[in-house]
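Asks: Pasting structure.cif here (mmCIF, C-alpha atoms):
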data_input
loop_
_atom_site.label_atom_id
_atom_site.label_comp_id
_atom_site.auth_asym_id
_atom_site.auth_seq_id
_atom_site.Cartn_x
_atom_site.Cartn_y
_atom_site.Cartn_z
CA MET J 14 -14.71 6.58 -30.20
CA LYS J 15 -18.35 6.03 -29.23
CA PRO J 16 -19.30 6.82 -25.64
CA ILE J 17 -18.47 4.10 -23.16
CA ARG J 18 -21.55 2.34 -21.79
CA ILE J 19 -20.68 0.31 -18.77
CA ALA J 20 -22.54 -1.30 -15.87
CA VAL J 21 -21.22 -1.29 -12.30
CA SER J 22 -22.54 -2.93 -9.15
CA GLY J 23 -21.82 -2.39 -5.46
CA LEU J 24 -23.05 1.20 -5.09
CA HIS J 25 -23.52 1.42 -1.35
CA ARG J 26 -21.25 3.80 0.54
CA GLY J 27 -22.52 3.38 4.07
CA GLU J 28 -20.95 1.71 7.07
CA ASN J 29 -19.68 -1.17 4.95
CA PRO J 30 -18.78 0.70 1.75
CA GLN J 31 -18.63 -0.91 -1.66
CA PRO J 32 -16.46 0.21 -4.58
CA GLY J 33 -19.04 0.73 -7.35
CA ALA J 34 -19.77 4.41 -6.78
CA SER J 35 -16.06 5.23 -6.78
CA ILE J 36 -15.54 3.18 -9.93
CA ALA J 37 -18.33 5.13 -11.65
CA GLY J 38 -16.75 8.39 -10.55
CA ALA J 39 -13.29 7.34 -11.72
CA ILE J 40 -14.62 6.31 -15.14
CA ARG J 41 -16.39 9.65 -15.44
CA ARG J 42 -13.18 11.43 -14.56
CA ALA J 43 -11.56 9.81 -17.61
CA TRP J 44 -14.61 9.96 -19.91
CA PRO J 45 -17.11 12.64 -18.85
CA ASP J 46 -19.61 11.39 -21.44
CA ALA J 47 -19.49 7.79 -20.23
CA PHE J 48 -22.92 6.25 -19.65
CA ILE J 49 -22.97 4.36 -16.35
CA VAL J 50 -25.61 1.77 -15.54
CA GLY J 51 -25.93 0.96 -11.85
CA LEU J 52 -26.93 -2.58 -10.90
CA VAL J 53 -28.33 -2.64 -7.37
CA TYR J 54 -29.62 -5.20 -4.91
CA ASN J 55 -31.27 -2.80 -2.55
CA ALA J 56 -33.15 0.42 -3.21
CA PHE J 57 -31.25 2.01 -0.35
CA GLU J 58 -27.81 1.62 -1.92
CA SER J 59 -26.64 5.17 -1.36
CA GLY J 60 -24.73 5.51 -4.64
CA VAL J 61 -28.03 5.38 -6.52
CA TYR J 62 -28.78 8.87 -5.21
CA ALA J 63 -25.30 10.43 -5.43
CA THR J 64 -25.07 13.46 -7.70
CA ASP J 65 -22.25 11.86 -9.69
CA GLY J 66 -23.88 8.43 -9.53
CA PRO J 67 -24.98 6.20 -12.39
CA ASP J 68 -27.07 7.62 -15.22
CA VAL J 69 -29.66 4.95 -14.59
CA CYS J 70 -30.06 2.15 -12.06
CA HIS J 71 -31.70 -1.24 -12.33
CA ALA J 72 -32.48 -3.77 -9.66
CA MET J 73 -30.88 -7.19 -9.73
CA PRO J 74 -31.60 -10.46 -7.97
CA TYR J 75 -28.97 -11.52 -5.48
CA PRO J 76 -26.44 -14.00 -6.85
CA THR J 77 -27.97 -16.56 -4.50
CA ALA J 78 -30.99 -16.62 -6.85
CA GLY J 79 -28.75 -18.53 -9.24
CA LEU J 80 -26.93 -17.87 -12.47
CA ALA J 81 -29.97 -18.38 -14.72
CA ALA J 82 -32.06 -15.80 -12.87
CA TYR J 83 -29.15 -13.41 -12.76
CA LEU J 84 -28.41 -13.67 -16.49
CA THR J 85 -32.09 -13.35 -17.37
CA ARG J 86 -32.26 -10.11 -15.44
CA LEU J 87 -28.99 -8.85 -16.96
CA ALA J 88 -30.47 -9.42 -20.42
CA GLU J 89 -33.63 -7.51 -19.43
CA VAL J 90 -31.58 -4.62 -18.10
CA ARG J 91 -29.41 -4.50 -21.20
CA ALA J 92 -32.49 -4.50 -23.42
CA ALA J 93 -33.91 -1.56 -21.46
CA THR J 94 -30.62 0.34 -21.14
CA PRO J 95 -27.93 -0.89 -23.50
CA PHE J 96 -24.42 -1.30 -22.14
CA ASP J 97 -21.39 -3.14 -23.45
CA TRP J 98 -19.33 -3.87 -20.36
CA PHE J 99 -19.94 -4.85 -16.78
CA ILE J 100 -17.52 -4.45 -13.86
CA PRO J 101 -18.82 -6.68 -11.04
CA THR J 102 -17.58 -5.56 -7.66
CA LEU J 103 -18.95 -8.05 -5.16
CA ASP J 104 -17.26 -11.34 -4.38
CA ALA J 105 -20.42 -13.42 -4.75
CA GLU J 106 -21.07 -11.94 -8.22
CA ILE J 107 -17.52 -12.52 -9.33
CA VAL J 108 -17.41 -16.17 -8.28
CA MET J 109 -20.66 -16.81 -10.15
CA LEU J 110 -19.91 -14.78 -13.29
CA ALA J 111 -16.40 -16.16 -13.71
CA GLU J 112 -18.10 -19.43 -14.62
CA ALA J 113 -20.34 -17.77 -17.20
CA ALA J 114 -17.98 -16.23 -19.73
CA GLU J 115 -19.75 -17.81 -22.71
CA GLU J 116 -23.23 -16.89 -21.52
CA LEU J 117 -22.20 -13.30 -20.90
CA ALA J 118 -20.58 -13.07 -24.32
CA ALA J 119 -23.76 -14.45 -25.87
CA LEU J 120 -25.67 -11.61 -24.19
CA GLY J 121 -23.23 -9.11 -25.66
CA ILE J 122 -21.88 -8.17 -22.22
CA GLY J 123 -18.14 -7.92 -21.81
CA VAL J 124 -16.89 -9.07 -18.42
CA ARG J 125 -13.22 -9.79 -17.73
CA LEU J 126 -12.54 -11.92 -14.69
CA PRO J 127 -9.82 -14.28 -13.51
CA ASP J 128 -10.14 -17.93 -14.42
CA PRO J 129 -12.52 -19.79 -12.04
CA ALA J 130 -9.75 -22.16 -10.99
CA ILE J 131 -7.56 -19.20 -10.06
CA LEU J 132 -10.41 -17.64 -8.11
CA ALA J 133 -10.93 -20.88 -6.24
CA SER J 134 -7.24 -21.08 -5.38
CA CYS J 135 -7.40 -17.57 -3.92
CA GLY J 136 -10.46 -18.23 -1.76
CA LYS J 137 -10.03 -18.01 1.96
CA ALA J 138 -10.20 -21.77 2.37
CA LYS J 139 -7.28 -22.39 -0.01
CA LEU J 140 -5.25 -19.26 0.47
CA ALA J 141 -2.60 -20.99 2.57
CA ASP J 142 -1.70 -23.36 -0.29
CA LEU J 143 -1.37 -20.51 -2.78
CA ALA J 144 0.64 -18.44 -0.34
CA ASP J 145 2.95 -21.38 0.17
CA GLN J 146 3.53 -21.64 -3.58
CA CYS J 147 4.35 -17.93 -3.64
CA GLY J 148 6.66 -18.13 -0.64
CA VAL J 149 4.41 -15.82 1.34
CA ALA J 150 3.41 -16.34 4.95
CA THR J 151 -0.21 -16.60 6.06
CA PRO J 152 -1.77 -16.95 9.50
CA ALA J 153 -2.44 -20.52 10.60
CA THR J 154 -5.92 -21.37 9.31
CA SER J 155 -8.13 -24.44 9.42
CA VAL J 156 -11.29 -25.08 7.45
CA ALA J 157 -14.48 -26.33 9.12
CA ARG J 158 -17.68 -27.53 7.49
CA ASP J 159 -19.84 -26.65 10.46
CA VAL J 160 -19.80 -25.17 13.94
CA GLY J 161 -18.88 -28.48 15.53
CA GLU J 162 -15.73 -28.79 13.47
CA ALA J 163 -14.90 -25.14 14.06
CA LEU J 164 -15.14 -25.74 17.82
CA GLU J 165 -12.72 -28.65 17.51
CA HIS J 166 -10.24 -26.57 15.51
CA ALA J 167 -10.48 -23.66 17.94
CA GLU J 168 -9.95 -25.98 20.88
CA GLY J 169 -6.77 -27.22 19.26
CA ALA J 170 -5.52 -23.75 18.35
CA GLY J 171 -6.52 -22.12 21.62
CA TYR J 172 -8.70 -19.06 22.09
CA PRO J 173 -9.04 -16.36 20.92
CA VAL J 174 -9.43 -17.17 17.22
CA PHE J 175 -10.84 -15.37 14.25
CA LEU J 176 -13.90 -17.00 12.76
CA LYS J 177 -14.44 -16.15 9.11
CA GLY J 178 -16.98 -16.88 6.40
CA PRO J 179 -16.17 -17.84 2.82
CA PHE J 180 -16.70 -14.31 1.49
CA TYR J 181 -17.27 -11.80 4.27
CA ASP J 182 -17.30 -11.48 8.03
CA ALA J 183 -14.50 -11.99 10.49
CA VAL J 184 -15.32 -12.23 14.19
CA LEU J 185 -12.79 -12.50 16.99
CA VAL J 186 -14.18 -15.03 19.45
CA HIS J 187 -12.82 -15.73 22.92
CA SER J 188 -14.87 -18.77 23.95
CA PRO J 189 -16.72 -21.80 22.57
CA ALA J 190 -20.06 -20.12 23.31
CA ALA J 191 -19.09 -17.03 21.35
CA LEU J 192 -17.81 -19.18 18.51
CA ALA J 193 -21.07 -21.09 18.33
CA VAL J 194 -23.11 -17.90 18.08
CA ALA J 195 -20.82 -16.26 15.52
CA GLY J 196 -20.50 -19.46 13.53
CA ALA J 197 -24.25 -19.91 13.25
CA ALA J 198 -24.63 -16.31 12.11
CA ILE J 199 -21.91 -16.60 9.46
CA LEU J 200 -23.24 -19.90 8.18
CA GLY J 201 -26.71 -18.39 8.00
CA ASP J 202 -25.47 -15.43 5.98
CA TRP J 203 -22.86 -17.00 3.73
CA GLY J 204 -22.99 -20.76 4.05
CA PRO J 205 -19.98 -23.02 4.64
CA PRO J 206 -17.11 -23.29 5.14
CA LEU J 207 -16.10 -21.61 8.36
CA LEU J 208 -12.46 -20.68 8.76
CA VAL J 209 -10.72 -20.75 12.12
CA GLN J 210 -7.69 -18.51 12.03
CA GLU J 211 -5.01 -17.49 14.50
CA PRO J 212 -5.30 -13.82 15.45
CA LEU J 213 -2.28 -11.72 14.65
CA LEU J 214 -1.17 -8.53 16.31
CA GLY J 215 0.15 -5.92 13.96
CA THR J 216 -0.76 -3.19 11.55
CA GLU J 217 -2.89 -3.75 8.47
CA PHE J 218 -1.71 -3.06 4.94
CA ASN J 219 -3.51 -3.36 1.61
CA VAL J 220 -2.25 -3.44 -1.95
CA MET J 221 -4.60 -2.61 -4.81
CA GLY J 222 -3.72 -3.17 -8.43
CA LEU J 223 -4.51 -4.55 -11.85
CA GLY J 224 -3.20 -7.87 -13.12
CA ASP J 225 -2.54 -8.18 -16.84
CA GLY J 226 -3.45 -11.86 -17.05
CA ALA J 227 0.09 -12.76 -18.09
CA GLY J 228 1.75 -12.64 -14.70
CA GLY J 229 2.44 -8.91 -14.58
CA VAL J 230 0.72 -5.87 -13.15
CA LEU J 231 -0.48 -2.74 -14.88
CA GLY J 232 -0.04 -0.81 -11.65
CA GLN J 233 -0.39 -1.10 -7.90
CA CYS J 234 -0.75 1.01 -4.78
CA ALA J 235 0.11 0.01 -1.20
CA VAL J 236 -1.45 1.62 1.85
CA ARG J 237 -1.40 1.20 5.60
CA LYS J 238 -4.74 1.48 7.37
CA LEU J 239 -4.81 4.47 9.71
CA ILE J 240 -8.38 4.23 10.99
CA ILE J 241 -10.20 0.93 11.30
CA SER J 242 -13.95 0.76 11.81
CA ASP J 243 -15.75 -1.64 14.11
CA LYS J 244 -16.28 -3.83 11.05
CA GLY J 245 -12.58 -3.83 10.26
CA LYS J 246 -12.92 -1.46 7.34
CA GLY J 247 -10.18 1.04 6.62
CA ASN J 248 -11.78 4.43 7.09
CA GLY J 249 -8.45 6.08 6.49
CA SER J 250 -5.19 4.88 4.95
CA VAL J 251 -1.83 6.30 3.96
CA VAL J 252 0.30 5.36 0.96
CA VAL J 253 3.44 3.47 1.91
CA ARG J 254 6.45 2.19 0.03
CA ASP J 255 7.93 -1.14 1.01
CA SER J 256 9.80 -3.26 -1.51
CA ARG J 257 8.70 -6.37 0.39
CA LEU J 258 5.05 -5.63 -0.40
CA ASP J 259 5.98 -5.02 -4.03
CA GLU J 260 7.80 -8.32 -4.16
CA ILE J 261 5.01 -10.31 -2.51
CA THR J 262 2.48 -8.77 -4.90
CA ARG J 263 4.70 -9.56 -7.87
CA ARG J 264 4.97 -13.19 -6.76
CA VAL J 265 1.23 -13.61 -6.28
CA MET J 266 0.47 -12.04 -9.65
CA ALA J 267 3.08 -14.15 -11.39
CA GLU J 268 1.87 -17.36 -9.76
CA THR J 269 -1.82 -16.74 -10.48
CA ARG J 270 -1.42 -14.86 -13.78
CA TRP J 271 -4.10 -12.66 -12.30
CA LEU J 272 -6.45 -10.84 -14.65
CA GLY J 273 -8.05 -7.61 -13.56
CA PRO J 274 -8.54 -5.72 -10.31
CA PHE J 275 -7.27 -7.13 -7.04
CA GLU J 276 -6.69 -6.21 -3.45
CA LEU J 277 -4.23 -8.08 -1.26
CA GLU J 278 -4.73 -7.72 2.49
CA PHE J 279 -1.81 -8.10 4.88
CA ILE J 280 -0.97 -7.85 8.53
CA ARG J 281 2.55 -6.81 9.43
CA ASP J 282 3.12 -9.21 12.29
CA GLN J 283 4.64 -7.42 15.24
CA ARG J 284 6.35 -10.63 16.36
CA ASP J 285 8.85 -10.56 13.49
CA ASP J 286 7.88 -7.52 11.37
CA GLY J 287 7.03 -9.89 8.50
CA TYR J 288 3.95 -9.60 6.32
CA ARG J 289 1.19 -12.20 6.52
CA LEU J 290 -1.18 -12.46 3.58
CA ILE J 291 -4.70 -12.47 4.99
CA GLU J 292 -6.91 -12.31 1.93
CA ILE J 293 -7.04 -11.80 -1.83
CA ASN J 294 -10.06 -9.85 -3.00
CA PRO J 295 -10.79 -10.35 -6.71
CA ARG J 296 -12.10 -6.85 -7.25
CA PHE J 297 -11.49 -3.17 -6.74
CA PRO J 298 -11.59 -2.23 -3.05
CA ALA J 299 -13.87 0.45 -1.60
CA TRP J 300 -10.91 2.87 -1.49
CA VAL J 301 -10.37 2.72 -5.28
CA GLY J 302 -11.51 6.33 -5.56
CA PHE J 303 -8.56 7.55 -3.46
CA PRO J 304 -5.79 6.96 -6.01
CA ALA J 305 -8.11 8.01 -8.82
CA HIS J 306 -8.51 11.42 -7.16
CA LEU J 307 -4.72 11.76 -7.23
CA GLY J 308 -4.30 10.76 -10.86
CA THR J 309 -3.76 7.01 -10.54
CA ASN J 310 -7.02 5.93 -12.10
CA PHE J 311 -7.20 2.15 -11.87
CA PRO J 312 -10.80 1.83 -13.14
CA ALA J 313 -10.00 3.93 -16.22
CA ALA J 314 -6.93 1.83 -16.92
CA TRP J 315 -8.97 -1.33 -16.54
CA VAL J 316 -11.63 -0.06 -18.96
CA GLU J 317 -8.88 0.79 -21.45
CA TRP J 318 -7.41 -2.67 -21.08
CA MET J 319 -10.82 -4.29 -21.62
CA LEU J 320 -11.50 -2.13 -24.67
CA GLN J 321 -8.03 -2.90 -26.00
CA LEU J 322 -7.15 0.79 -25.96
CA PRO J 323 -3.70 2.06 -25.03
CA VAL J 324 -3.64 1.84 -21.24
CA ARG J 325 -2.90 5.14 -19.56
CA PRO J 326 0.12 5.19 -17.23
CA LEU J 327 -0.66 4.47 -13.60
CA PRO J 328 1.74 6.75 -11.72
CA THR J 329 3.06 5.48 -8.42
CA LEU J 330 1.52 7.52 -5.63
CA ALA J 331 3.94 9.29 -3.32
CA PRO J 332 4.16 7.83 0.19
CA GLY J 333 2.42 10.05 2.70
CA ARG J 334 -0.68 10.76 0.63
CA PHE J 335 -3.69 9.62 2.63
CA PHE J 336 -7.45 9.45 2.57
CA LEU J 337 -10.08 9.71 5.26
CA ARG J 338 -13.56 8.40 4.63
CA HIS J 339 -16.00 11.25 4.92
CA GLN J 340 -19.66 10.35 5.14
CA ILE J 341 -22.23 12.76 3.80
CA GLU J 342 -25.96 12.52 3.24
CA VAL J 343 -27.40 11.92 -0.20
CA THR J 344 -31.03 12.69 -0.82
CA GLY J 345 -33.79 11.01 -2.73
CA ASP J 346 -37.52 10.66 -2.75
CA MET J 347 -39.79 7.67 -2.64
CA GLY J 348 -40.64 8.16 -6.31
CA GLN J 349 -37.11 7.05 -7.19
CA ILE J 350 -37.55 3.88 -5.18
CA SER J 351 -40.91 3.33 -6.81
CA ALA J 352 -39.30 3.68 -10.25
CA LEU J 353 -36.76 1.03 -9.34
CA LEU J 354 -39.49 -1.30 -8.13
CA ASP J 355 -41.84 -0.70 -11.07
CA ALA J 356 -39.37 -2.08 -13.55
CA LEU J 357 -38.89 -5.27 -11.61
CA PRO J 358 -40.20 -8.75 -12.11
CA ASN J 359 -42.24 -9.64 -9.02
CA SER J 360 -39.82 -12.43 -8.24
CA ILE J 361 -37.15 -10.04 -7.01
CA ASN J 362 -39.26 -7.28 -5.48
CA HIS J 363 -38.66 -8.54 -2.01
CA HIS J 364 -34.96 -7.77 -2.14
CA LEU J 365 -35.41 -4.10 -2.66
CA THR J 366 -36.93 -2.62 0.42
CA THR J 367 -36.33 -3.09 4.08
CA ASN J 368 -40.01 -3.80 4.63
CA SER J 369 -42.32 -6.02 2.67
CA ILE J 370 -46.08 -6.48 2.79
CA SER J 371 -47.65 -9.85 2.23
CA ALA J 372 -51.09 -10.03 0.67
CA MET I 9 15.32 -11.15 -1.37
CA ASN I 10 14.52 -11.92 2.24
CA LEU I 11 10.86 -11.03 2.72
CA GLU I 12 11.08 -11.10 6.48
CA THR I 13 13.98 -8.75 7.13
CA GLU I 14 14.93 -5.69 5.21
CA ASN I 15 16.20 -2.67 7.05
CA MET I 16 14.52 0.59 6.43
CA ARG I 17 16.91 3.14 5.04
CA LEU I 18 17.22 6.33 6.99
CA GLY I 19 17.37 8.21 3.72
CA ASP I 20 13.76 7.32 2.91
CA LEU I 21 12.36 9.19 5.91
CA MET I 22 10.31 12.24 5.01
CA LEU I 23 11.02 15.21 7.32
CA ASN I 24 9.66 18.71 7.52
CA GLU I 25 10.80 21.91 9.25
CA ARG I 26 8.54 21.31 12.25
CA GLY I 27 10.14 17.99 13.10
CA PHE I 28 7.35 15.85 11.65
CA VAL I 29 8.77 12.55 10.45
CA PHE I 30 6.90 10.15 8.17
CA ASP I 31 8.25 6.65 7.68
CA PRO I 32 7.06 5.61 4.19
CA ASN I 33 7.84 1.99 4.90
CA THR I 34 5.53 1.54 7.86
CA GLY I 35 3.15 4.46 7.43
CA GLU I 36 3.99 5.60 10.96
CA SER I 37 4.59 9.25 11.78
CA TYR I 38 6.63 10.78 14.59
CA GLN I 39 7.50 14.14 16.10
CA VAL I 40 11.12 14.91 16.93
CA SER I 41 12.69 17.87 18.69
CA ALA I 42 14.73 20.47 16.85
CA THR I 43 17.88 18.70 18.03
CA GLY I 44 16.54 15.35 16.87
CA LEU I 45 15.65 16.83 13.50
CA HIS I 46 19.15 18.26 13.19
CA CYS I 47 20.62 14.83 13.92
CA LEU I 48 18.30 12.99 11.51
CA ARG I 49 19.12 15.39 8.71
CA GLY I 50 22.80 15.09 9.51
CA LEU I 51 22.64 11.31 9.39
CA GLN I 52 20.70 11.48 6.11
CA ARG I 53 23.44 13.57 4.51
CA GLY I 54 26.08 11.13 5.74
CA ALA I 55 27.52 13.00 8.72
CA SER I 56 29.32 10.86 11.28
CA VAL I 57 28.14 10.63 14.85
CA ASP I 58 31.29 12.41 16.02
CA GLU I 59 30.60 15.25 13.61
CA LEU I 60 27.05 15.63 14.89
CA VAL I 61 28.23 15.57 18.51
CA SER I 62 30.80 18.26 17.73
CA GLU I 63 28.14 20.42 16.05
CA LEU I 64 25.86 20.16 19.07
CA VAL I 65 28.66 20.92 21.53
CA ALA I 66 29.58 23.98 19.47
CA SER I 67 26.03 25.30 19.32
CA HIS I 68 24.89 24.50 22.86
CA ASP I 69 26.35 25.12 26.29
CA VAL I 70 26.77 21.46 27.13
CA GLU I 71 29.50 18.93 27.93
CA ARG I 72 30.63 16.65 25.11
CA ILE I 73 30.19 13.54 27.25
CA SER I 74 26.59 14.50 27.93
CA VAL I 75 25.84 15.04 24.25
CA ARG I 76 27.47 11.74 23.36
CA CYS I 77 25.35 9.96 25.94
CA ASP I 78 22.13 11.48 24.64
CA MET I 79 23.19 10.78 21.06
CA ASP I 80 23.72 7.10 21.85
CA ALA I 81 20.22 6.90 23.32
CA PHE I 82 18.81 8.59 20.22
CA LEU I 83 20.67 6.23 17.90
CA TRP I 84 19.35 3.29 19.90
CA ASP I 85 15.80 4.53 19.32
CA LEU I 86 16.48 4.88 15.60
CA LYS I 87 17.85 1.35 15.50
CA GLN I 88 14.74 0.04 17.23
CA LEU I 89 12.66 1.67 14.51
CA GLY I 90 14.72 -0.02 11.83
CA TRP I 91 16.08 3.25 10.55
CA LEU I 92 19.72 2.36 11.10
#
Once you've parsed the file, please lay out its structure as structure tokens.
Replies:
Amino acid sequence: MKPIRIAVSGLHRGENPQPGASIAGAIRRAWPDAFIVGLVYNAFESGVYATDGPDVCHAMPYPTAGLAAYLTRLAEVRAATPFDWFIPTLDAEIVMLAEAAEELAALGIGVRLPDPAILASCGKAKLADLADQCGVATPATSVARDVGEALEHAEGAGYPVFLKGPFYDAVLVHSPAALAVAGAAILGDWGPPLLVQEPLLGTEFNVMGLGDGAGGVLGQCAVRKLIISDKGKGNGSVVVRDSRLDEITRRVMAETRWLGPFELEFIRDQRDDGYRLIEINPRFPAWVGFPAHLGTNFPAAWVEWMLQLPVRPLPTLAPGRFFLRHQIEVTGDMGQISALLDALPNSINHHLTTNSISA
Amino acid sequence: MNLETENMRLGDLMLNERGFVFDPNTGESYQVSATGLHCLRGLQRGASVDELVSELVASHDVERISVRCDMDAFLWDLKQLGWL
């Protein structure tokens, strides 16, 4: 078998960690000679400088630059550093690339993503409908096109409410003034819609897994968050075993015929001890490296599935195994940033540094 | 399957010698006394409450009625946690 050459995005491991660096590490654990191409949006993505990071990194335009610009750059990167497969890890990439299967195939880049219609049905704005079809509870949620509508919905629901963007960000707001500020910020970052959601009290659980595209799963792992950061990220989680989570996951996978990595986010509502489905993420989560360290290597299994190789077993992790996120410093020098910038078309230079100089 | 209510089985609890208890269903952990650990292990192996009370009376200088009272309080706590 020739060495695997695969591109991965989402390499930052800072305060709001992304999964790409862990995916690269997990692939290397299975295939030490794998060639990993890192696709980055910012020269300060920490995974670029990790000792077990990608073999080479290339800068990309943000998905907001549009599909044509994105594909043009992908073709340039592939010409400079050949790779056969790409595992996108960021929601905005996935939504865009799911619509571009033919274009990606024409470039010789293998990407396996859920059907665009399935992705749309799993988006935050439509999650309640899907959950209803699966017989799964969700928090009461209303969709607003702008801040004015969000204010109306919040007034009806009563404060506090969670205000969410279409992809990221969730802010608990206690007043109309706070909602207006948060809503403007979210719209500025992510665009519409805004989601107004009832806040739930309870503990947070996540299920990561791989859908086989035929309604089944290749494997899954359920955890309870132990430590939650100010941004709501799980900085520590413990493996749990609850047949209800297994059953909910099975229903969602069967209903969507999900293809590829997923993460389901739940709150176990303290009012009735029932699970509420909060979100479906169409990608590996940032904690994907945790099960891989313990022998349940989801990225390796996914690569095998994509390459139509026999898929290695994904052992069920024993309850009680846990991870804690441990931040360390990685080092680099400005020459590495310069190398990233030198290879770039001028049109995307401005994305790559925190400061820019206008002539 | 009822997704909203399913009792945790006591047998799933993970215990160690120091009285550390991990509930794999909820991810919560607890610390119990040596007596509590003895009772949990007894319940896991299927001992009756009367048997456990008799064991404690035999091994401690304490009235049966007092043990039974404390045992009922302990069982109530376990029920609240969904373990019974």
Asks: On this structure, the PyMOL selection byres ((chain J and resi 34-43) around 7) would catch which residues? List them as a ChimeraX atom specification, sorted by chain and number.
Replies: /J:24,32-33,44-45,47,49,60,65-67,301-302,305,310,312-313
Asks: Do you know which residues are at most 10 Å from I:Val57 counting all atoms listed in the file, after dropping those on the same chain fewer than 2 positions away, and could you put them as a compact mmCIF listing (two decimals) with C-alpha atoms, in the frame of the given file?
Replies:
# COMPACT_ATOMS: atom_id res chain seq x y z
CA CYS I 47 20.62 14.83 13.92
CA GLY I 50 22.80 15.09 9.51
CA LEU I 51 22.64 11.31 9.39
CA GLY I 54 26.08 11.13 5.74
CA ALA I 55 27.52 13.00 8.72
CA GLU I 59 30.60 15.25 13.61
CA LEU I 60 27.05 15.63 14.89
CA VAL I 61 28.23 15.57 18.51
CA SER I 62 30.80 18.26 17.73
CA GLU I 63 28.14 20.42 16.05
CA ARG I 76 27.47 11.74 23.36
CA MET I 79 23.19 10.78 21.06
CA ASP I 80 23.72 7.10 21.85
CA LEU I 83 20.67 6.23 17.90
Asks: Please build the interface table for chain J against chain I with a cut-off of 10 Å, listing for each qualifying residue the nearest atom pair and the distance in Å to one decimal; count only C-alpha atoms, order rows by chain and increasing number, and write it as JSON lines.
Replies:
{"residue": "J:Gly148", "atom": "CA", "partner": "I:Leu11", "partner_atom": "CA", "distance": 8.9}
{"residue": "J:Val149", "atom": "CA", "partner": "I:Leu11", "partner_atom": "CA", "distance": 8.2}
{"residue": "J:Ala150", "atom": "CA", "partner": "I:Glu12", "partner_atom": "CA", "distance": 9.4}
{"residue": "J:Thr216", "atom": "CA", "partner": "I:Thr34", "partner_atom": "CA", "distance": 8.7}
{"residue": "J:Glu217", "atom": "CA", "partner": "I:Thr34", "partner_atom": "CA", "distance": 10.0}
{"residue": "J:Phe218", "atom": "CA", "partner": "I:Thr34", "partner_atom": "CA", "distance": 9.1}
{"residue": "J:Val236", "atom": "CA", "partner": "I:Gly35", "partner_atom": "CA", "distance": 7.8}
{"residue": "J:Arg237", "atom": "CA", "partner": "I:Gly35", "partner_atom": "CA", "distance": 5.9}
{"residue": "J:Lys238", "atom": "CA", "partner": "I:Gly35", "partner_atom": "CA", "distance": 8.4}
{"residue": "J:Leu239", "atom": "CA", "partner": "I:Gly35", "partner_atom": "CA", "distance": 8.3}
{"residue": "J:Ser250", "atom": "CA", "partner": "I:Gly35", "partner_atom": "CA", "distance": 8.7}
{"residue": "J:Val251", "atom": "CA", "partner": "I:Gly35", "partner_atom": "CA", "distance": 6.3}
{"residue": "J:Val252", "atom": "CA", "partner": "I:Gly35", "partner_atom": "CA", "distance": 7.1}
{"residue": "J:Val253", "atom": "CA", "partner": "I:Pro32", "partner_atom": "CA", "distance": 4.8}
{"residue": "J:Arg254", "atom": "CA", "partner": "I:Asn33", "partner_atom": "CA", "distance": 5.1}
{"residue": "J:Asp255", "atom": "CA", "partner": "I:Asn33", "partner_atom": "CA", "distance": 5.0}
{"residue": "J:Ser256", "atom": "CA", "partner": "I:Asn33", "partner_atom": "CA", "distance": 8.5}
{"residue": "J:Arg257", "atom": "CA", "partner": "I:Leu11", "partner_atom": "CA", "distance": 5.6}
{"residue": "J:Leu258", "atom": "CA", "partner": "I:Leu11", "partner_atom": "CA", "distance": 8.5}
{"residue": "J:Glu260", "atom": "CA", "partner": "I:Leu11", "partner_atom": "CA", "distance": 8.0}
{"residue": "J:Ile261", "atom": "CA", "partner": "I:Leu11", "partner_atom": "CA", "distance": 7.9}
{"residue": "J:Arg281", "atom": "CA", "partner": "I:Thr34", "partner_atom": "CA", "distance": 9.0}
{"residue": "J:Asp285", "atom": "CA", "partner": "I:Glu12", "partner_atom": "CA", "distance": 7.4}
{"residue": "J:Asp286", "atom": "CA", "partner": "I:Glu12", "partner_atom": "CA", "distance": 6.9}
{"residue": "J:Gly287", "atom": "CA", "partner": "I:Glu12", "partner_atom": "CA", "distance": 4.7}
{"residue": "J:Tyr288", "atom": "CA", "partner": "I:Glu12", "partner_atom": "CA", "distance": 7.3}
{"residue": "J:Arg289", "atom": "CA", "partner": "I:Glu12", "partner_atom": "CA", "distance": 10.0}
{"residue": "J:Ala331", "atom": "CA", "partner": "I:Pro32", "partner_atom": "CA", "distance": 8.9}
{"residue": "J:Pro332", "atom": "CA", "partner": "I:Pro32", "partner_atom": "CA", "distance": 5.4}
{"residue": "J:Gly333", "atom": "CA", "partner": "I:Pro32", "partner_atom": "CA", "distance": 6.6}
{"residue": "J:Arg334", "atom": "CA", "partner": "I:Pro32", "partner_atom": "CA", "distance": 10.0}
{"residue": "J:Phe335", "atom": "CA", "partner": "I:Gly35", "partner_atom": "CA", "distance": 9.8}
Asks: What is the atom CA of J:Ala144-atom CA of J:Arg264 distance in Å, reported with one decimal?
Replies: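 Rounded to one decimal, the two atoms are 9.4 Å apart.
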Asks: Exactly which residues make up the result of the PyMOL selection byres ((chain J and resi 205) around 9) on this file, given as a ChimeraX atom specification?
Replies: /J:157-159,178-179,199-201,203-204,206-208
Asks: Using only C-alpha atoms, which residues sit within 10 Å of I:Ala42 once same-chain residues fewer than 6 positions away are excluded, as an MDAnalysis selection string?
Replies: chainID I and resid 25:27 48
Asks: Interatomic distance between atom CA of J:Ala198 and atom CA of J:Pro30?
Replies: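 Straight-line distance from atom CA of J:Ala198 to atom CA of J:Pro30 works out to 20.8 Å.
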